[in-house]
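Listing of final-v8.txt; format and content: compact mmCIF, C-alpha atoms.
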# COMPACT_ATOMS: atom_id res chain seq x y z
CA MET A 11 -207.57 96.91 -82.33
CA ALA A 12 -204.04 96.47 -83.68
CA ASN A 13 -202.58 93.02 -83.11
CA HIS A 14 -199.01 94.27 -83.04
CA HIS A 15 -198.16 95.07 -79.40
CA ASN A 16 -194.38 95.22 -79.56
CA ASP A 17 -191.68 95.97 -82.09
CA LEU A 18 -190.32 93.00 -84.01
CA VAL A 19 -186.57 92.77 -84.41
CA ASP A 20 -184.35 90.89 -86.80
CA LEU A 21 -183.29 87.81 -84.86
CA LYS A 22 -179.95 87.94 -86.64
CA THR A 23 -179.13 91.01 -84.54
CA LEU A 24 -179.33 88.99 -81.31
CA PRO A 25 -176.13 87.64 -79.75
CA GLN A 26 -175.00 84.41 -81.32
CA PRO A 27 -176.11 81.24 -79.51
CA ARG A 28 -173.51 79.50 -77.42
CA GLY A 29 -171.83 76.35 -78.67
CA TRP A 30 -173.14 72.86 -78.01
CA MET A 31 -170.55 72.06 -75.34
CA LYS A 32 -171.48 75.10 -73.27
CA ARG A 33 -175.17 74.33 -73.69
CA LEU A 34 -174.63 70.76 -72.55
CA ARG A 35 -172.65 71.92 -69.53
CA HIS A 36 -175.46 74.29 -68.60
CA HIS A 37 -178.06 71.53 -69.05
CA ARG A 38 -176.13 69.33 -66.61
CA ARG A 39 -175.84 72.15 -64.06
CA ASP A 40 -179.53 72.87 -64.40
CA LEU A 41 -180.46 69.25 -63.72
CA GLN A 42 -178.12 69.01 -60.73
CA TRP A 43 -179.48 72.24 -59.27
CA ARG A 44 -183.14 71.28 -59.70
CA ARG A 45 -182.55 67.93 -58.00
CA ARG A 46 -181.62 69.85 -54.85
CA PHE A 47 -185.02 71.44 -54.24
CA SER A 48 -188.67 70.54 -54.40
CA PRO A 49 -190.77 73.30 -55.97
CA PRO A 50 -194.14 73.99 -54.37
CA ILE A 51 -197.20 72.29 -55.81
CA PRO A 52 -199.14 74.86 -57.86
CA GLY A 53 -201.94 76.27 -55.75
CA SER A 54 -200.47 75.01 -52.47
CA LEU A 55 -198.98 78.27 -51.27
CA ASP A 56 -200.66 80.41 -48.63
CA HIS A 57 -202.88 82.99 -50.34
CA GLY A 58 -201.96 85.57 -47.73
CA VAL A 59 -204.06 88.65 -47.08
CA ALA A 60 -205.01 90.56 -50.22
CA ASP A 61 -204.62 94.31 -50.47
CA PRO A 62 -208.19 95.69 -50.90
CA ARG A 63 -206.90 98.08 -53.57
CA CYS A 64 -205.27 95.21 -55.49
CA PRO A 65 -207.66 92.23 -55.48
CA ASP A 66 -206.43 88.79 -56.60
CA PHE A 67 -202.91 90.16 -56.97
CA ALA A 68 -199.48 89.21 -55.63
CA ILE A 69 -195.92 90.34 -56.10
CA GLY A 70 -193.01 87.94 -56.51
CA ALA A 71 -189.27 88.50 -56.17
CA ILE A 72 -186.09 86.46 -56.39
CA ALA A 73 -183.39 86.93 -53.75
CA VAL A 74 -180.71 84.30 -54.28
CA SER A 75 -177.50 85.13 -52.34
CA ARG A 76 -177.18 87.28 -49.24
CA LYS A 77 -176.51 90.34 -51.38
CA TYR A 78 -179.82 90.13 -53.23
CA ALA A 79 -181.70 89.15 -50.08
CA ASP A 80 -180.35 92.37 -48.55
CA TRP A 81 -181.51 94.42 -51.53
CA CYS A 82 -184.85 92.60 -51.55
CA LEU A 83 -185.48 93.68 -47.96
CA THR A 84 -185.03 97.27 -49.10
CA MET A 85 -187.35 96.72 -52.05
CA LEU A 86 -189.99 95.29 -49.67
CA GLN A 87 -189.66 98.25 -47.31
CA THR A 88 -190.28 100.70 -50.15
CA LEU A 89 -193.10 98.52 -51.48
CA ARG A 90 -194.90 98.71 -48.12
CA ASP A 91 -193.98 102.34 -47.40
CA ARG A 92 -193.92 104.44 -50.57
CA GLY A 93 -195.83 101.81 -52.54
CA SER A 94 -198.59 101.55 -49.91
CA TYR A 95 -199.00 97.89 -50.85
CA GLN A 96 -200.07 95.53 -48.07
CA GLY A 97 -200.86 92.44 -50.11
CA PRO A 98 -198.97 89.13 -50.34
CA VAL A 99 -195.38 88.96 -51.50
CA TYR A 100 -193.57 85.74 -52.40
CA VAL A 101 -189.78 85.66 -52.22
CA VAL A 102 -187.76 82.88 -53.84
CA THR A 103 -184.57 82.75 -51.81
CA ASP A 104 -181.78 80.71 -50.30
CA HIS A 105 -181.92 82.93 -47.17
CA PRO A 106 -185.49 82.51 -45.86
CA ALA A 107 -184.50 83.41 -42.28
CA MET A 108 -183.86 87.00 -43.39
CA PHE A 109 -187.58 87.37 -44.24
CA ALA A 110 -189.04 85.35 -41.35
CA ASP A 111 -190.37 88.32 -39.38
CA LEU A 112 -192.14 90.06 -42.27
CA ALA A 113 -195.93 90.00 -42.33
CA ASN A 114 -197.67 88.67 -45.44
CA VAL A 115 -194.34 87.65 -46.97
CA PHE A 116 -193.93 84.00 -47.94
CA CYS A 117 -190.62 82.38 -48.83
CA ILE A 118 -190.00 79.65 -51.36
CA GLU A 119 -186.62 78.18 -50.47
CA VAL A 120 -184.22 77.20 -53.25
CA PRO A 121 -180.57 76.15 -53.19
CA TYR A 122 -177.85 78.65 -53.99
CA SER A 123 -176.06 78.56 -57.32
CA ARG A 124 -173.35 80.87 -58.57
CA VAL A 125 -174.68 80.36 -62.11
CA ARG A 126 -176.79 83.47 -62.67
CA LEU A 127 -178.81 81.92 -65.49
CA LEU A 128 -180.16 79.32 -63.07
CA SER A 129 -181.48 82.05 -60.79
CA LYS A 130 -182.92 83.86 -63.81
CA SER A 131 -184.86 80.72 -64.76
CA LEU A 132 -186.83 81.14 -61.53
CA LYS A 133 -188.67 84.10 -63.06
CA PRO A 134 -191.03 82.11 -65.30
CA MET A 135 -191.14 79.28 -62.74
CA LEU A 136 -192.50 81.66 -60.09
CA PHE A 137 -195.68 82.20 -62.09
CA GLU A 138 -196.38 78.46 -61.98
CA TRP A 139 -196.51 78.39 -58.20
CA LEU A 140 -198.49 81.43 -57.07
CA PRO A 141 -202.26 81.15 -56.53
CA GLN A 142 -203.39 84.66 -57.52
CA ARG A 143 -204.87 85.54 -60.89
CA TYR A 144 -202.56 88.52 -61.42
CA VAL A 145 -198.87 88.49 -60.55
CA ALA A 146 -196.09 91.05 -60.87
CA TYR A 147 -192.47 90.00 -60.77
CA VAL A 148 -190.16 92.73 -59.41
CA ASP A 149 -186.36 92.51 -59.31
CA ALA A 150 -184.82 92.60 -55.85
CA ASP A 151 -182.76 95.70 -56.69
CA VAL A 152 -185.77 97.86 -57.57
CA ILE A 153 -186.93 100.80 -55.45
CA VAL A 154 -190.66 101.56 -55.29
CA THR A 155 -191.48 105.28 -55.16
CA GLY A 156 -195.25 105.49 -55.67
CA PRO A 157 -198.59 103.75 -55.05
CA ILE A 158 -198.75 100.23 -56.37
CA ALA A 159 -202.56 100.34 -56.55
CA ASP A 160 -202.46 103.04 -59.23
CA TRP A 161 -199.91 101.07 -61.24
CA TYR A 162 -201.99 97.88 -60.83
CA ASP A 163 -205.11 99.62 -62.15
CA ASN A 164 -203.16 100.87 -65.15
CA ALA A 165 -201.79 97.35 -65.78
CA LEU A 166 -205.30 95.88 -65.80
CA GLN A 167 -206.42 98.56 -68.22
CA ARG A 168 -203.45 97.80 -70.47
CA LEU A 169 -204.30 94.08 -70.47
CA ASP A 170 -207.77 95.00 -71.72
CA GLU A 171 -206.20 96.89 -74.61
CA VAL A 172 -203.92 94.12 -75.89
CA ASP A 173 -204.06 90.46 -76.84
CA SER A 174 -201.11 89.58 -74.63
CA PRO A 175 -201.50 88.20 -71.07
CA LEU A 176 -197.95 89.41 -70.26
CA LEU A 177 -196.70 92.99 -69.97
CA THR A 178 -193.11 94.23 -69.84
CA TYR A 179 -191.34 97.54 -70.30
CA LYS A 180 -189.35 98.30 -73.42
CA ALA A 181 -185.58 97.91 -73.11
CA ASN A 182 -182.54 98.41 -75.31
CA ASN A 183 -180.73 95.28 -74.16
CA PRO A 184 -179.74 93.04 -75.91
CA VAL A 185 -180.99 95.04 -78.90
CA ALA A 186 -183.34 97.98 -79.34
CA ASP A 187 -187.01 97.20 -78.75
CA SER A 188 -186.32 94.34 -76.38
CA PHE A 189 -188.09 93.66 -73.08
CA HIS A 190 -186.96 94.46 -69.58
CA GLY A 191 -186.82 91.32 -67.47
CA GLY A 192 -186.79 93.17 -64.15
CA LEU A 193 -190.51 93.94 -64.07
CA LEU A 194 -193.22 91.66 -65.46
CA PHE A 195 -197.00 91.76 -65.02
CA ALA A 196 -199.21 88.87 -66.07
CA GLU A 197 -202.63 87.37 -65.96
CA ARG A 198 -200.91 84.32 -64.57
CA GLU A 199 -202.64 81.25 -65.99
CA ALA A 200 -203.17 82.80 -69.41
CA ALA A 201 -199.48 83.69 -69.59
CA LEU A 202 -198.17 80.25 -68.58
CA PRO A 203 -197.87 78.75 -72.11
CA PHE A 204 -195.63 81.62 -73.18
CA LEU A 205 -193.66 81.64 -69.91
CA ARG A 206 -192.97 77.91 -70.33
CA ARG A 207 -191.46 78.59 -73.75
CA TRP A 208 -189.25 81.24 -72.18
CA LEU A 209 -188.24 78.78 -69.45
CA ALA A 210 -187.38 76.12 -72.03
CA MET A 211 -185.13 78.59 -73.83
CA LEU A 212 -183.42 79.51 -70.55
CA ARG A 213 -182.87 75.88 -69.64
CA SER A 214 -181.41 75.15 -73.04
CA GLY A 215 -178.37 77.26 -72.17
CA ARG A 216 -178.51 78.70 -75.66
CA TYR A 217 -178.08 82.25 -74.36
CA LEU A 218 -176.49 83.61 -71.18
CA SER A 219 -179.06 86.38 -70.74
CA ASP A 220 -182.70 85.98 -69.73
CA GLN A 221 -183.50 89.08 -71.79
CA VAL A 222 -181.99 87.57 -74.92
CA ALA A 223 -183.99 84.39 -74.34
CA LEU A 224 -187.16 86.44 -73.83
CA ARG A 225 -186.61 88.41 -77.03
CA ARG A 226 -185.88 85.15 -78.87
CA VAL A 227 -189.22 83.50 -78.00
CA ALA A 228 -191.36 86.65 -78.27
CA THR A 229 -194.18 86.88 -80.78
CA ASP A 230 -195.61 90.05 -82.30
CA THR A 231 -198.24 90.19 -79.54
CA THR A 232 -196.55 88.69 -76.47
CA PRO A 233 -195.12 90.25 -74.43
CA ALA A 234 -196.90 93.56 -74.88
CA TYR A 235 -195.17 96.74 -73.87
CA TYR A 236 -196.51 98.38 -70.74
CA ALA A 237 -197.44 101.75 -72.16
CA ASP A 238 -196.88 104.06 -69.18
CA ALA A 239 -193.69 105.67 -67.85
CA GLY A 240 -193.68 103.88 -64.52
CA PHE A 241 -190.27 102.23 -64.78
CA SER A 242 -186.75 103.54 -65.31
CA TYR A 243 -183.12 102.88 -64.52
CA LEU A 244 -181.61 104.91 -61.70
CA TYR A 245 -179.00 106.47 -63.97
CA ARG A 246 -181.72 108.11 -66.06
CA VAL A 247 -183.16 109.66 -62.92
CA LEU A 248 -179.72 110.76 -61.70
CA ASP A 249 -178.84 112.21 -65.11
CA GLY A 250 -181.97 114.35 -65.13
CA GLU A 251 -183.78 112.46 -67.90
CA ARG A 252 -186.79 112.12 -65.60
CA ASP A 253 -188.15 115.12 -63.68
CA VAL A 254 -190.23 112.91 -61.41
CA PRO A 255 -189.02 109.45 -60.34
CA PRO A 256 -191.19 106.68 -61.82
CA THR A 257 -193.04 104.15 -59.67
CA PHE A 258 -190.17 101.67 -60.07
CA VAL A 259 -186.50 102.68 -60.13
CA HIS A 260 -184.06 99.92 -61.06
CA ILE A 261 -180.54 99.94 -59.64
CA THR A 262 -178.04 97.60 -61.30
CA ASP A 263 -174.53 96.40 -60.45
CA ARG A 264 -173.16 98.56 -63.25
CA MET A 265 -174.71 101.69 -61.74
CA ILE A 266 -173.34 100.80 -58.32
CA LYS A 267 -169.87 100.46 -59.83
CA ASP A 268 -170.18 103.76 -61.71
CA HIS A 269 -171.32 105.88 -58.72
CA PRO A 270 -169.70 106.41 -55.31
CA PRO A 271 -171.56 104.32 -52.70
CA GLN A 272 -172.15 107.28 -50.41
CA ALA A 273 -173.63 109.34 -53.24
CA LEU A 274 -176.07 106.52 -54.00
CA ARG A 275 -176.97 106.11 -50.34
CA THR A 276 -177.63 109.84 -50.03
CA TYR A 277 -179.78 109.91 -53.15
CA LEU A 278 -181.80 106.86 -52.13
CA SER A 279 -182.36 108.23 -48.64
CA GLU A 280 -182.94 111.92 -49.30
CA SER A 281 -184.48 111.95 -52.78
CA LEU A 282 -186.33 108.62 -52.96
CA GLY A 283 -187.23 108.39 -49.26
CA VAL A 284 -185.66 104.97 -48.70
CA ALA A 285 -185.64 104.29 -44.96
CA ARG A 286 -183.86 100.93 -45.05
CA LEU A 287 -180.64 101.08 -47.06
CA PRO A 288 -178.93 97.84 -48.11
CA ASP A 289 -175.41 97.06 -46.92
CA HIS A 290 -174.24 95.73 -50.28
CA PHE A 291 -173.13 98.48 -52.63
CA GLY A 292 -170.76 96.54 -54.82
CA SER A 293 -168.40 95.53 -52.04
Take the structure from the file and write it as structure tokens.
Amino acid sequence: MANHHNDLVDLKTLPQPRGWMKRLRHHRRDLQWRRRFSPPIPGSLDHGVADPRCPDFAIGAIAVSRKYADWCLTMLQTLRDRGSYQGPVYVVTDHPAMFADLANVFCIEVPYSRVRLLSKSLKPMLFEWLPQRYVAYVDADVIVTGPIADWYDNALQRLDEVDSPLLTYKANNPVADSFHGGLLFAEREAALPFLRRWLAMLRSGRYLSDQVALRRVATDTTPAYYADAGFSYLYRVLDGERDVPPTFVHITDRMIKDHPPQALRTYLSESLGVARLPDHFGS
């Protein structure tokens, strides 16, 4: 078995670290923000009701701000509908009331911050709190188009093939052969040492992007690339680069700005079968 599960890059090609004053300012903001909430004790969260097709598995999402809570509700609708996933979902949010009526959905309340990097730091933190052995993090602005159980089975098979407890998809941001931060799959406890290194880099304020920080702390084995074609940006689907939409379609602010809102709504509804459209399309 090859030990090299991702493509190494020259770290000199990464964006330059921010200066000490900006890092110190971020460190202060991070401390102030964390003093405002009490994270759950690991293992204390409700286990929920497992999906029989996806044993010992949970999905986590982050929905900080009303905009992303709105998009997260759409993601959850597609997860239950097109994804046929009925297992537990944990949402880290400052708007827990928006999710109160959803079955098998558990909220972890956090304070709002306009500093995006603080919200991004919740990604590795989420894996500390959940009780399941396997956890997938899914961005709030992702649309699910196919069965999660099939994707889960493929993820378990991929974990058996590699030395890494953490899987991501390949990305070209910030440099070629990076890792997409919008979809992560992990054998949770085994991945925690690496995720804590990622969190430490995020909290340092050295880089503004969670993807840059992830690329910076990566080794030649962790994360490992998820080897299937189950994830893509919406623009690649719209531009005809994909004949069949992948299991996960990611919609970003840039794509919303570059496409008329009604055209996106029509595509999501008619082509991807999205029944619950979000209200926030860049406005």
Expected residue set, 12 Å radius at (-190.3, 83.6, -51.5), all atoms listed in the file, as a PyMOL selection string: chain A and resi 49-50+55-56+68-74+79+82-83+86+98-110+112+114-120+132-133+136-137+139-140+147+150
Written selection (C-alpha atoms) as a short mmCIF file (atom, residue, chain, number, x, y, z; two decimals), in the coordinates of the input:
data_model
loop_
_atom_site.label_atom_id
_atom_site.label_comp_id
_atom_site.auth_asym_id
_atom_site.auth_seq_id
_atom_site.Cartn_x
_atom_site.Cartn_y
_atom_site.Cartn_z
CA PRO A 49 -190.77 73.30 -55.97
CA PRO A 50 -194.14 73.99 -54.37
CA LEU A 55 -198.98 78.27 -51.27
CA ASP A 56 -200.66 80.41 -48.63
CA ALA A 68 -199.48 89.21 -55.63
CA ILE A 69 -195.92 90.34 -56.10
CA GLY A 70 -193.01 87.94 -56.51
CA ALA A 71 -189.27 88.50 -56.17
CA ILE A 72 -186.09 86.46 -56.39
CA ALA A 73 -183.39 86.93 -53.75
CA VAL A 74 -180.71 84.30 -54.28
CA ALA A 79 -181.70 89.15 -50.08
CA CYS A 82 -184.85 92.60 -51.55
CA LEU A 83 -185.48 93.68 -47.96
CA LEU A 86 -189.99 95.29 -49.67
CA PRO A 98 -198.97 89.13 -50.34
CA VAL A 99 -195.38 88.96 -51.50
CA TYR A 100 -193.57 85.74 -52.40
CA VAL A 101 -189.78 85.66 -52.22
CA VAL A 102 -187.76 82.88 -53.84
CA THR A 103 -184.57 82.75 -51.81
CA ASP A 104 -181.78 80.71 -50.30
CA HIS A 105 -181.92 82.93 -47.17
CA PRO A 106 -185.49 82.51 -45.86
CA ALA A 107 -184.50 83.41 -42.28
CA MET A 108 -183.86 87.00 -43.39
CA PHE A 109 -187.58 87.37 -44.24
CA ALA A 110 -189.04 85.35 -41.35
CA LEU A 112 -192.14 90.06 -42.27
CA ASN A 114 -197.67 88.67 -45.44
CA VAL A 115 -194.34 87.65 -46.97
CA PHE A 116 -193.93 84.00 -47.94
CA CYS A 117 -190.62 82.38 -48.83
CA ILE A 118 -190.00 79.65 -51.36
CA GLU A 119 -186.62 78.18 -50.47
CA VAL A 120 -184.22 77.20 -53.25
CA LEU A 132 -186.83 81.14 -61.53
CA LYS A 133 -188.67 84.10 -63.06
CA LEU A 136 -192.50 81.66 -60.09
CA PHE A 137 -195.68 82.20 -62.09
CA TRP A 139 -196.51 78.39 -58.20
CA LEU A 140 -198.49 81.43 -57.07
CA TYR A 147 -192.47 90.00 -60.77
CA ALA A 150 -184.82 92.60 -55.85
#
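For the set A:Ile153, A:Ala223, A:Ala196, A:Leu274, the residue with the smallest atom-to-atom gap to Asp91 in chain A is A:Ile153, counting all atoms listed in the file.
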Selection as a ChimeraX atom specification: residues within 12 Å of (-198.0, 102.0, -60.1), counting all atoms listed in the file: /A:63-64,89,92-95,146,154-166,193,195,236,238-241,255-259
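You will find CA of Tyr78 in chain A at 12.7 Å from CA of Lys130 in chain A.
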Top pick for closest residue to Asp149 in chain A, considering A:Pro233, A:Val185, A:Gly192, A:Met135 and counting all atoms listed in the file: A:Gly192
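Of note, CA of Met31 in chain A and CA of Gly215 in chain A are spaced 9.9 Å apart.
Taking CA of Pro134 in chain A and CA of Tyr179 in chain A as the two end points, the separation is 16.2 Å.
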